[in-house]
$ cat query_19.csv   # CSV, C-alpha atoms
chain,number,residue,atom,x,y,z
A,12,MET,CA,27.9,6.1,19.7
A,13,TRP,CA,25.8,9.0,18.6
A,14,LYS,CA,27.7,9.8,15.4
A,15,LYS,CA,25.9,8.6,12.3
A,16,PRO,CA,27.2,8.2,8.8
A,17,GLU,CA,26.5,10.9,6.2
A,18,ASP,CA,23.5,9.1,4.7
A,19,ASN,CA,21.6,9.4,8.0
A,20,LYS,CA,21.2,13.2,7.5
A,21,PRO,CA,17.7,14.5,7.7
A,22,GLN,CA,16.0,14.4,4.3
A,23,PRO,CA,13.2,16.6,3.0
A,24,PHE,CA,9.8,14.9,3.5
A,25,PRO,CA,6.5,16.2,2.2
A,26,ASP,CA,4.3,17.1,5.1
A,27,PRO,CA,0.7,16.7,4.0
A,28,ALA,CA,-0.6,18.1,7.3
A,29,GLY,CA,0.8,21.6,6.4
A,30,PRO,CA,3.4,23.8,7.8
A,31,GLY,CA,1.6,24.4,11.1
A,32,ALA,CA,1.3,20.7,12.0
A,33,PRO,CA,3.6,19.1,14.6
A,34,SER,CA,6.4,17.4,13.0
A,35,GLY,CA,8.5,14.4,14.0
A,36,HIS,CA,11.3,15.0,11.5
A,37,PRO,CA,14.7,14.5,12.8
A,38,THR,CA,15.8,18.0,13.5
A,39,GLY,CA,18.2,17.5,16.3
A,40,THR,CA,21.7,18.7,16.4
A,41,VAL,CA,23.0,15.1,16.0
A,42,PRO,CA,22.3,14.0,12.4
A,43,GLY,CA,19.5,11.4,12.2
A,44,ILE,CA,18.3,11.5,15.7
A,45,PRO,CA,15.2,13.6,16.7
A,46,ALA,CA,16.0,16.4,19.0
A,47,THR,CA,13.3,15.2,21.4
A,48,ALA,CA,14.4,11.5,21.4
A,49,THR,CA,15.5,10.7,24.9
A,50,ALA,CA,15.9,7.0,24.4
A,51,CYS,CA,17.9,5.5,21.6
A,52,VAL,CA,18.6,2.0,20.5
A,53,SER,CA,21.7,2.6,18.4
A,54,GLN,CA,23.0,0.6,15.5
A,55,GLY,CA,24.5,-2.6,16.6
A,56,ILE,CA,22.3,-3.0,19.6
A,57,LYS,CA,19.7,-5.8,19.7
A,58,ILE,CA,16.8,-5.9,22.0
A,59,LYS,CA,14.3,-8.7,22.5
A,60,GLY,CA,11.3,-8.0,24.6
A,61,GLU,CA,8.8,-5.3,25.4
A,62,VAL,CA,9.6,-1.6,25.6
A,63,HIS,CA,7.1,0.6,27.4
A,64,GLY,CA,7.3,4.3,28.2
A,65,ARG,CA,6.1,7.9,27.6
A,66,GLU,CA,9.2,9.5,26.1
A,67,ASP,CA,10.3,9.5,22.4
A,68,LEU,CA,12.2,6.5,21.2
A,69,PHE,CA,14.7,6.2,18.3
A,70,VAL,CA,15.5,2.7,17.1
A,71,ASP,CA,18.4,2.4,14.7
A,72,GLY,CA,19.3,-1.2,15.9
A,73,ILE,CA,17.4,-4.4,16.0
A,74,LEU,CA,14.3,-4.7,18.1
A,75,GLN,CA,11.9,-7.7,18.4
A,76,GLY,CA,8.8,-7.8,20.6
A,77,LYS,CA,6.5,-4.9,21.4
A,78,ILE,CA,6.9,-1.2,21.7
A,79,SER,CA,4.4,0.9,23.5
A,80,ILE,CA,5.2,4.6,23.8
A,81,THR,CA,1.9,6.1,24.6
A,82,GLU,CA,2.7,9.8,24.5
A,83,GLY,CA,5.7,9.9,22.3
A,84,THR,CA,7.1,9.3,18.9
A,85,VAL,CA,8.8,6.1,17.8
A,86,THR,CA,11.3,6.6,15.0
A,87,VAL,CA,12.8,3.6,13.3
A,88,GLY,CA,16.0,4.9,11.8
A,89,PRO,CA,17.5,4.1,8.4
A,90,ASN,CA,19.5,1.2,9.9
A,91,GLY,CA,16.7,0.0,12.2
A,92,HIS,CA,15.1,-3.4,11.9
A,93,VAL,CA,12.0,-3.7,14.0
A,94,ASN,CA,9.9,-6.8,14.3
A,95,ALA,CA,7.3,-5.7,16.7
A,96,GLU,CA,3.9,-4.3,17.2
A,97,ILE,CA,4.3,-0.5,17.8
A,98,GLU,CA,1.9,1.7,19.6
A,99,ALA,CA,2.7,5.4,19.9
A,100,ARG,CA,1.4,8.9,19.4
A,101,GLU,CA,3.4,9.1,16.2
A,102,ILE,CA,5.5,6.5,14.3
A,103,ILE,CA,8.1,7.4,11.8
A,104,VAL,CA,9.5,4.6,9.6
A,105,ARG,CA,12.9,5.2,7.9
A,106,GLY,CA,14.1,1.6,8.2
A,107,GLU,CA,12.4,-1.8,8.2
A,108,VAL,CA,9.4,-2.6,10.3
A,109,THR,CA,7.4,-5.9,10.4
A,110,GLY,CA,4.4,-5.7,12.6
A,111,THR,CA,1.3,-3.7,13.3
A,112,LEU,CA,1.7,0.1,13.6
A,113,LYS,CA,-0.8,1.8,15.8
A,114,ALA,CA,-0.4,5.6,16.0
A,115,ARG,CA,-2.8,7.8,17.8
A,116,GLU,CA,-1.9,10.8,15.6
A,117,ARG,CA,0.2,10.0,12.6
A,118,VAL,CA,2.3,7.4,10.7
A,119,GLN,CA,5.1,8.6,8.4
A,120,ILE,CA,6.9,6.2,6.0
A,121,TRP,CA,9.9,7.8,4.4
A,122,SER,CA,11.2,6.8,1.0
A,123,SER,CA,13.8,4.5,2.7
A,124,GLY,CA,11.1,3.0,4.9
A,125,ARG,CA,9.7,-0.5,4.5
A,126,ALA,CA,6.7,-1.4,6.6
A,127,ILE,CA,5.1,-4.9,6.5
A,128,GLY,CA,2.0,-5.0,8.6
A,129,ASP,CA,-1.2,-3.2,9.2
A,130,VAL,CA,-1.4,0.5,9.9
A,131,GLN,CA,-4.0,2.1,12.2
A,132,THR,CA,-3.8,5.8,12.6
A,133,ARG,CA,-5.6,9.1,12.2
A,134,ARG,CA,-3.2,10.4,9.5
A,135,ILE,CA,-0.7,8.8,7.3
A,136,ALA,CA,2.1,10.3,5.2
A,137,ILE,CA,4.0,8.1,2.7
A,138,GLU,CA,6.9,9.3,0.7
A,139,ASP,CA,7.3,8.2,-2.9
A,140,GLY,CA,9.4,5.0,-3.0
A,141,ALA,CA,8.3,3.8,0.4
A,142,VAL,CA,7.2,0.2,0.7
A,143,LEU,CA,4.1,-0.7,2.6
A,144,ARG,CA,2.4,-4.1,2.6
A,145,GLY,CA,-0.7,-4.3,4.7
A,146,LYS,CA,-3.9,-2.7,5.6
A,147,VAL,CA,-4.2,1.0,6.1
A,148,GLU,CA,-7.0,1.9,8.4
A,149,ILE,CA,-7.7,5.6,9.3
A,150,LEU,CA,-9.2,6.0,12.7
A,151,GLN,CA,-11.9,8.6,13.2
A,152,GLN,CA,-12.5,10.4,16.5
A,153,LYS,CA,-15.4,8.1,17.3
A,154,ASP,CA,-13.2,5.0,16.7
A,155,GLU,CA,-10.7,6.2,19.2
A,156,LEU,CA,-13.3,6.9,21.8
A,157,ARG,CA,-14.7,3.5,21.2
A,158,ALA,CA,-11.3,2.0,21.6
A,159,THR,CA,-10.4,3.8,24.7
A,160,ARG,CA,-13.8,3.8,26.6
A,161,PRO,CA,-15.2,0.5,27.5
A,162,VAL,CA,-19.0,0.2,26.9
A,163,ASN,CA,-19.7,-1.4,30.2
A,164,PRO,CA,-17.1,-0.3,32.8
A,165,PRO,CA,-15.7,-3.5,34.4
A,166,ALA,CA,-16.4,-4.0,38.1
A,167,ALA,CA,-13.6,-3.3,40.5
A,168,LYS,CA,-11.2,-6.2,40.6
A,169,ALA,CA,-8.4,-7.2,42.8
A,170,PRO,CA,-5.1,-5.8,41.4
A,171,VAL,CA,-3.5,-8.2,39.1
A,172,ALA,CA,0.3,-8.7,39.0
A,173,THR,CA,1.7,-7.5,35.8
A,174,VAL,CA,4.7,-9.0,34.0
A,175,PRO,CA,7.6,-6.6,34.1
A,176,ALA,CA,9.1,-5.5,30.9
A,177,SER,CA,11.9,-7.8,30.0
A,178,VAL,CA,14.8,-6.3,28.1
A,179,LYS,CA,17.7,-8.4,27.0
A,180,GLU,CA,20.7,-7.4,25.1
B,101,MET,CA,-25.3,-4.8,-1.7
B,102,GLY,CA,-27.5,-3.3,-4.4
B,103,PHE,CA,-24.8,-1.3,-5.9
B,104,PHE,CA,-23.1,-4.5,-7.2
B,105,ASN,CA,-26.0,-5.3,-9.5
B,106,LYS,CA,-25.4,-2.2,-11.6
B,107,THR,CA,-24.7,-3.0,-15.2
B,108,ARG,CA,-25.3,0.3,-16.8
B,109,SER,CA,-22.6,2.7,-17.8
B,110,SER,CA,-21.7,5.5,-15.5
B,111,GLY,CA,-21.8,8.0,-18.3
B,112,ASP,CA,-21.8,11.5,-17.0
B,113,ARG,CA,-24.0,10.9,-14.0
B,114,PRO,CA,-22.7,12.7,-10.9
B,115,SER,CA,-21.3,10.3,-8.4
B,116,PRO,CA,-20.8,10.9,-4.7
B,117,LEU,CA,-17.3,9.5,-5.1
B,118,ILE,CA,-16.5,12.1,-7.8
B,119,PRO,CA,-16.4,15.7,-6.6
B,120,ARG,CA,-19.2,17.6,-8.3
B,121,ALA,CA,-16.9,20.2,-9.7
B,122,THR,CA,-15.0,17.6,-11.7
B,123,THR,CA,-17.7,15.3,-13.0
B,124,ARG,CA,-17.9,16.9,-16.4
B,125,SER,CA,-15.3,15.4,-18.7
B,126,GLY,CA,-14.0,16.4,-22.1
B,127,ALA,CA,-13.6,20.1,-21.7
B,128,ALA,CA,-10.0,20.7,-22.7
B,129,ALA,CA,-9.7,23.9,-20.8
B,130,SER,CA,-11.4,22.7,-17.6
B,131,PRO,CA,-9.7,23.5,-14.3
B,132,VAL,CA,-8.9,19.7,-14.0
B,133,ALA,CA,-7.3,19.6,-17.4
B,134,GLN,CA,-5.3,22.7,-16.7
B,135,ALA,CA,-4.2,21.2,-13.3
B,136,SER,CA,-3.2,18.0,-15.0
B,137,ALA,CA,-1.1,19.8,-17.7
B,138,ALA,CA,0.6,21.9,-15.0
B,139,HIS,CA,1.3,18.8,-13.0
B,140,ASN,CA,2.7,17.0,-16.0
B,141,ARG,CA,5.1,19.8,-16.6
B,142,ARG,CA,6.2,19.9,-13.0
B,143,SER,CA,6.7,16.3,-12.2
B,144,GLY,CA,7.6,14.6,-15.5
B,145,SER,CA,4.8,12.1,-15.0
B,146,ASP,CA,1.8,11.8,-17.2
B,147,VAL,CA,-1.8,12.3,-16.2
B,148,ARG,CA,-4.4,10.5,-18.4
B,149,SER,CA,-8.1,10.4,-18.3
B,150,SER,CA,-9.4,7.1,-17.2
B,151,ASN,CA,-12.9,5.9,-18.1
B,152,GLY,CA,-12.1,2.6,-16.3
B,153,LEU,CA,-11.5,4.5,-13.1
B,154,LYS,CA,-14.8,6.4,-13.5
B,155,GLU,CA,-16.7,3.2,-14.0
B,156,PHE,CA,-14.8,1.5,-11.1
B,157,LEU,CA,-15.8,4.3,-8.8
B,158,TRP,CA,-19.3,4.4,-10.0
B,159,ASN,CA,-19.6,0.7,-9.1
B,160,LEU,CA,-18.4,1.4,-5.6
B,161,GLU,CA,-20.9,4.2,-5.1
B,162,GLY,CA,-22.8,3.8,-1.9
B,163,LEU,CA,-20.4,1.3,-0.4
B,164,ASN,CA,-19.4,2.3,3.2
B,165,ASN,CA,-16.4,0.9,4.9
B,166,GLY,CA,-15.4,-1.1,1.8
B,167,CYS,CA,-12.1,-3.0,1.6
B,168,LEU,CA,-9.9,-2.3,-1.4
B,169,LEU,CA,-6.8,-4.2,-2.4
B,170,ASP,CA,-4.3,-2.2,-4.4
B,171,LEU,CA,-1.8,-4.4,-6.1
B,172,GLY,CA,0.5,-1.6,-7.1
B,173,PRO,CA,3.1,0.3,-5.1
B,174,VAL,CA,1.8,2.4,-2.2
B,175,TRP,CA,1.2,6.1,-3.0
B,176,GLN,CA,0.0,8.9,-0.7
B,177,SER,CA,-2.4,10.1,-3.3
B,178,THR,CA,-4.1,6.8,-3.8
B,179,ILE,CA,-4.4,6.1,-0.1
B,180,THR,CA,-5.7,9.6,0.6
B,181,PHE,CA,-8.3,9.3,-2.2
B,182,PHE,CA,-9.8,6.0,-0.9
B,183,VAL,CA,-9.4,6.6,2.8
B,184,GLU,CA,-11.2,9.9,2.5
B,185,ARG,CA,-14.1,8.0,0.9
B,186,GLY,CA,-14.2,5.6,3.9
B,187,PHE,CA,-12.3,2.6,2.4
B,188,LYS,CA,-9.9,0.4,4.2
B,189,LEU,CA,-7.0,0.1,1.8
B,190,TYR,CA,-4.7,-2.9,1.6
B,191,ALA,CA,-1.5,-2.3,-0.3
B,192,ASP,CA,0.4,-5.2,-1.8
B,193,ASP,CA,3.0,-4.5,-4.5
B,194,VAL,CA,2.9,-7.8,-6.2
B,195,LEU,CA,5.4,-6.9,-8.9
B,196,ARG,CA,8.0,-5.9,-6.3
B,197,ASP,CA,7.4,-9.0,-4.3
B,198,TRP,CA,7.6,-11.2,-7.4
B,199,LYS,CA,11.0,-9.6,-8.2
B,200,GLU,CA,12.3,-10.3,-4.7
B,201,PHE,CA,10.9,-13.9,-4.9
B,202,LEU,CA,12.7,-14.5,-8.2
B,203,THR,CA,16.0,-13.2,-6.8
B,204,VAL,CA,15.8,-15.8,-4.0
B,205,GLU,CA,14.6,-18.5,-6.5
B,206,GLU,CA,17.6,-17.7,-8.7
B,207,GLN,CA,20.0,-18.3,-5.8
B,208,ARG,CA,18.2,-21.6,-5.0
B,209,LEU,CA,18.5,-22.7,-8.7
B,210,ARG,CA,22.2,-21.9,-8.7
B,211,ALA,CA,22.7,-24.0,-5.5
B,212,ILE,CA,21.2,-27.1,-7.2
B,213,GLN,CA,24.0,-29.5,-8.1
B,214,PRO,CA,23.9,-31.4,-11.4
B,215,GLY,CA,21.9,-34.6,-10.9
B,216,GLN,CA,19.8,-33.1,-8.1
B,217,ASP,CA,16.1,-32.9,-8.3
B,218,ALA,CA,15.1,-29.6,-9.9
B,219,SER,CA,11.4,-30.5,-10.5
B,220,GLU,CA,10.4,-27.7,-8.1
B,221,MET,CA,11.9,-25.1,-10.3
B,222,THR,CA,9.2,-25.2,-13.1
B,223,PRO,CA,7.3,-22.0,-13.7
B,224,GLU,CA,4.1,-23.7,-12.5
B,225,SER,CA,5.5,-24.8,-9.2
B,226,ARG,CA,7.2,-21.5,-8.7
B,227,ALA,CA,3.9,-19.7,-9.2
B,228,GLU,CA,2.4,-22.0,-6.5
B,229,ARG,CA,5.2,-21.3,-4.1
B,230,PHE,CA,4.9,-17.6,-4.6
B,231,LEU,CA,1.2,-17.5,-3.9
B,232,LYS,CA,1.7,-19.6,-0.7
B,233,THR,CA,3.6,-16.8,0.9
B,234,ASN,CA,2.2,-13.7,-0.9
B,235,VAL,CA,-1.1,-12.0,-1.4
B,236,GLN,CA,-2.4,-13.9,1.6
B,237,TYR,CA,-5.8,-12.6,2.8
B,238,PRO,CA,-9.1,-14.2,3.9
B,239,ARG,CA,-11.5,-15.4,1.2
B,240,ASN,CA,-14.2,-12.9,0.2
B,241,ASN,CA,-12.3,-10.2,2.0
B,242,PHE,CA,-12.4,-7.4,-0.7
B,243,ASP,CA,-15.0,-5.3,-2.3
B,244,ALA,CA,-12.7,-3.9,-4.9
B,245,MET,CA,-9.2,-4.5,-6.4
B,246,LEU,CA,-6.9,-2.4,-8.5
B,247,ILE,CA,-4.7,-4.7,-10.5
B,248,TRP,CA,-3.3,-2.0,-12.8
B,249,ASP,CA,-1.2,-3.5,-15.7
B,250,LEU,CA,0.4,-6.1,-13.4
B,251,LEU,CA,-0.7,-9.1,-15.4
B,252,ASP,CA,1.3,-8.0,-18.5
B,253,TYR,CA,4.6,-8.3,-16.5
B,254,LEU,CA,4.1,-11.7,-14.8
B,255,ASP,CA,4.8,-15.2,-16.2
B,256,ARG,CA,1.8,-16.8,-17.8
B,257,PRO,CA,1.5,-19.6,-15.2
B,258,LEU,CA,1.5,-17.1,-12.4
B,259,VAL,CA,-1.0,-14.9,-14.2
B,260,LYS,CA,-3.5,-17.7,-14.4
B,261,ARG,CA,-3.0,-18.8,-10.7
B,262,LEU,CA,-3.0,-15.2,-9.5
B,263,VAL,CA,-6.3,-14.4,-11.1
B,264,GLU,CA,-7.8,-17.5,-9.7
B,265,HIS,CA,-6.5,-16.6,-6.3
B,266,LEU,CA,-7.7,-13.0,-6.5
B,267,THR,CA,-11.2,-14.3,-7.6
B,268,ASP,CA,-11.3,-16.2,-4.3
B,269,LEU,CA,-10.4,-13.1,-2.3
B,270,LEU,CA,-13.1,-10.9,-3.9
B,271,ARG,CA,-16.6,-10.9,-2.5
B,272,PRO,CA,-19.5,-11.8,-4.9
B,273,GLY,CA,-20.3,-8.6,-6.6
B,274,GLY,CA,-16.9,-7.2,-6.1
B,275,VAL,CA,-15.2,-5.0,-8.7
B,276,VAL,CA,-11.8,-5.3,-10.4
B,277,LEU,CA,-10.0,-2.7,-12.5
B,278,ALA,CA,-7.2,-4.2,-14.6
B,279,MET,CA,-5.2,-2.7,-17.5
B,280,PHE,CA,-3.6,-4.4,-20.5
B,281,HIS,CA,-1.2,-3.1,-23.0
B,282,ASN,CA,-2.3,-3.5,-26.6
B,283,ARG,CA,1.3,-3.1,-27.7
B,284,LYS,CA,4.6,-3.1,-25.9
B,285,PRO,CA,4.9,0.1,-23.9
B,286,GLU,CA,7.9,2.3,-24.4
B,287,THR,CA,8.3,3.1,-20.7
B,288,PHE,CA,7.6,1.2,-17.5
B,289,HIS,CA,5.1,3.1,-15.4
B,290,ARG,CA,3.5,2.7,-12.0
B,291,TYR,CA,0.0,4.1,-11.6
B,292,ARG,CA,-1.7,6.2,-9.0
B,293,ILE,CA,-4.9,8.0,-8.6
B,294,PHE,CA,-4.7,11.7,-9.6
B,295,ASP,CA,-8.4,12.5,-9.1
B,296,ALA,CA,-11.7,10.7,-9.6
B,297,GLN,CA,-11.3,10.8,-13.4
B,298,ASN,CA,-7.6,10.7,-14.0
B,299,LEU,CA,-4.7,8.5,-13.3
B,300,GLU,CA,-1.1,9.5,-13.0
B,301,LEU,CA,1.5,7.5,-14.8
B,302,VAL,CA,4.7,7.6,-12.9
B,303,PRO,CA,7.8,6.6,-14.8
B,304,ALA,CA,9.8,4.0,-12.8
B,305,PRO,CA,12.9,1.9,-13.3
B,306,PRO,CA,11.7,-1.2,-15.0
B,307,LEU,CA,11.2,-4.2,-12.7
B,308,PHE,CA,10.5,-6.5,-15.6
B,309,THR,CA,10.1,-6.3,-19.3
B,310,ILE,CA,6.6,-7.0,-20.6
B,311,GLN,CA,6.0,-10.7,-20.7
B,312,GLN,CA,3.0,-10.8,-23.0
B,313,THR,CA,0.3,-8.7,-24.5
B,314,LEU,CA,-3.0,-10.5,-23.8
B,315,GLN,CA,-5.6,-10.7,-26.5
B,316,ASN,CA,-9.3,-10.1,-25.8
B,317,ARG,CA,-10.1,-13.8,-25.8
B,318,GLU,CA,-7.3,-14.6,-23.4
B,319,ILE,CA,-8.5,-11.8,-21.0
B,320,GLN,CA,-12.0,-13.1,-21.1
B,321,ASP,CA,-10.8,-16.6,-20.4
B,322,LEU,CA,-8.8,-15.5,-17.4
B,323,PHE,CA,-11.7,-13.7,-15.9
B,324,ARG,CA,-14.3,-16.2,-16.8
B,325,PRO,CA,-16.0,-16.3,-13.4
B,326,PHE,CA,-16.7,-12.6,-13.7
B,327,ARG,CA,-20.1,-11.8,-15.0
B,328,THR,CA,-19.8,-8.2,-16.3
B,329,THR,CA,-16.9,-6.7,-18.2
B,330,LYS,CA,-16.4,-3.3,-19.6
B,331,SER,CA,-13.5,-2.3,-21.7
B,332,PHE,CA,-12.0,1.1,-22.6
B,333,VAL,CA,-9.0,1.6,-24.9
B,334,GLY,CA,-7.1,4.8,-24.7
B,335,ARG,CA,-5.1,6.6,-27.3
B,336,ASP,CA,-2.0,5.2,-25.6
B,337,GLN,CA,-3.3,1.7,-26.5
B,338,LEU,CA,-3.8,0.9,-22.8
B,339,ARG,CA,-6.9,-1.2,-22.4
B,340,GLU,CA,-8.8,-0.6,-19.1
B,341,VAL,CA,-11.1,-3.5,-18.2
B,342,LEU,CA,-13.6,-3.6,-15.5
B,343,PHE,CA,-14.8,-6.9,-14.1
B,344,VAL,CA,-17.6,-7.6,-11.7
B,345,LYS,CA,-17.7,-10.9,-9.9

$ encode --input "query_19.csv" --output "structure tokens"
Amino acid sequence: MWKKPEDNKPQPFPDPAGPGAPSGHPTGTVPGIPATATACVSQGIKIKGEVHGREDLFVDGILQGKISITEGTVTVGPNGHVNAEIEAREIIVRGEVTGTLKARERVQIWSSGRAIGDVQTRRIAIEDGAVLRGKVEILQQKDELRATRPVNPPAAKAPVATVPASVKE
Amino acid sequence: MGFFNKTRSSGDRPSPLIPRATTRSGAAASPVAQASAAHNRRSGSDVRSSNGLKEFLWNLEGLNNGCLLDLGPVWQSTITFFVERGFKLYADDVLRDWKEFLTVEEQRLRAIQPGQDASEMTPESRAERFLKTNVQYPRNNFDAMLIWDLLDYLDRPLVKRLVEHLTDLLRPGGVVLAMFHNRKPETFHRYRIFDAQNLELVPAPPLFTIQQTLQNREIQDLFRPFRTTKSFVGRDQLREVLFVK
């Protein structure tokens, strides 16, 4: 399940943030899968629904819906087809993504990547040959504060039942 | 929106969009020229001075949080250049989309049996269909557009419809930079910003052969709703034209 074809091997990617910056490049012992990725949607798996979490996620299959990985990295692998709004700390696109990309820190689109949708992030890295169709909006520190802090804190409300994440195969 | 009413030439005036150290042009041994030459040697691409780009940037001077539509492929350097200057950048590689659209159209055409209605397959209706699903943005959404040399590679019916469509998307006073080949180019290039005065021509596998070389009169007719035009012809016979709506 974890074995990937040869073309999934990590490829060099220009890192505009410099050598000291944190990198989400696939550097794991298993080719193509980030070392830190604890959750993986492998090739051949199809998920429809919402995925929430804090750990890194690697998607090399098909995913439709919404992905929210607040503290981690979402990597769409070279065989991945994602039709979803993605929210994460960092988003790496090596396959196909249709939907809004919101990354608190950085979005990377590799040469094999194809992103159709708007991008909101603090930093963006795009390799030559990558395809992006949509708006690129770079968030400043003040934008993030505005986005995370409500101007008028809402009054205490009774707890509202939330819809649990639905994951279908 | 006072900046839109400028009709003067930018000349050598320093611009906030252009770093002070690189505003002087023409010096063959300037650091920028040296950097360009070194870059050419390294990458195999070509860096050319662009008066059109200088004029384009000068027209955008003072605009904060502007929206720019880049109709070429997405490049890191172009995104960084405009994002650092506070723009929201929209990327939409029309030539690539047109190529993909034509591939699908070709399959549709092949599927049509003899005797079936093929009236939808005229170049005009094809152009209409393409614009129904591509380059879809709200009216008056953009302050600036980079069309590059796209119009030379598209079918004439699409060129006409696309320019009309782009005119709707541009705000009054918005600026367009377009390029036209005076003669058939030897190599297919994509363009990206090198710095505030130079463009980088990146050789690429040809998506299309050039469809037409538009004459001055034809260009003016296409961009009739635009009130100001400036034109610069380079040694490479590439005409850069700036339009202000």

$ closest_residue --input "query_19.csv" --among "B:Asp170, B:Asp249, B:Asp336, B:Asp217" --to "chain A" --atoms "all atoms listed in the file"
B:Asp170

$ closest_residue --input "query_19.csv" --among "B:Leu153, B:Val275, B:Ile179, B:Leu338" --to "chain A" --atoms "all atoms listed in the file"
B:Ile179

$ residues_around --input "query_19.csv" --residues "stretch 184-197 of chain B" --least-positions-apart "6" --cutoff "9 Å" --atoms "all atoms listed in the file" --output "PyMOL selection string"
(chain A and resi 129+142-149) or (chain B and resi 117+163-174+230+234-235+250+253-254+307-308)

$ interface_residues --input "query_19.csv" --of "chain A" --to "chain B" --cutoff "12 Å" --atoms "all atoms listed in the file" --output "MDAnalysis selection string"
chainID A and resid 25:28 118:122 124:151

$ atom_distance --input "query_19.csv" --atom1 "atom CA of A:Lys77" --atom2 "atom CA of A:Glu96"
5.0 Å

$ atom_distance --input "query_19.csv" --atom1 "atom CA of B:Met221" --atom2 "atom CA of B:Leu209"
7.2 Å

$ atom_distance --input "query_19.csv" --atom1 "atom CA of B:Phe323" --atom2 "atom CA of B:Thr178"
25.0 Å

$ closest_residue --input "query_19.csv" --among "A:Gln54, A:Asn94, A:Thr49, A:Ser123" --to "A:Ile78" --atoms "all atoms listed in the file"
A:Asn94

$ residues_near_point --input "query_19.csv" --point "(3.2, -19.7, -9.3)" --cutoff "8 Å" --atoms "all atoms listed in the file" --output "ChimeraX atom specification"
/B:223-231,257-258,261-262

$ residues_near_point --input "query_19.csv" --point "(1.5, 2.0, -13.2)" --cutoff "7 Å" --atoms "all atoms listed in the file" --output "PDB file with C-alpha atoms, keeping the file's coordinate frame"
ATOM      1  CA  TRP B 248      -3.300  -2.000 -12.800  1.00  0.00           C
ATOM      2  CA  ASP B 249      -1.200  -3.500 -15.700  1.00  0.00           C
ATOM      3  CA  HIS B 289       5.100   3.100 -15.400  1.00  0.00           C
ATOM      4  CA  ARG B 290       3.500   2.700 -12.000  1.00  0.00           C
ATOM      5  CA  TYR B 291       0.000   4.100 -11.600  1.00  0.00           C
ATOM      6  CA  ARG B 292      -1.700   6.200  -9.000  1.00  0.00           C
ATOM      7  CA  LEU B 301       1.500   7.500 -14.800  1.00  0.00           C
ATOM      8  CA  VAL B 302       4.700   7.600 -12.900  1.00  0.00           C
TER       9      VAL B 302
END

$ closest_residue --input "query_19.csv" --among "A:Gly91, A:Ser79, A:Thr86, A:Thr109" --to "A:Arg65" --atoms "all atoms listed in the file"
A:Ser79
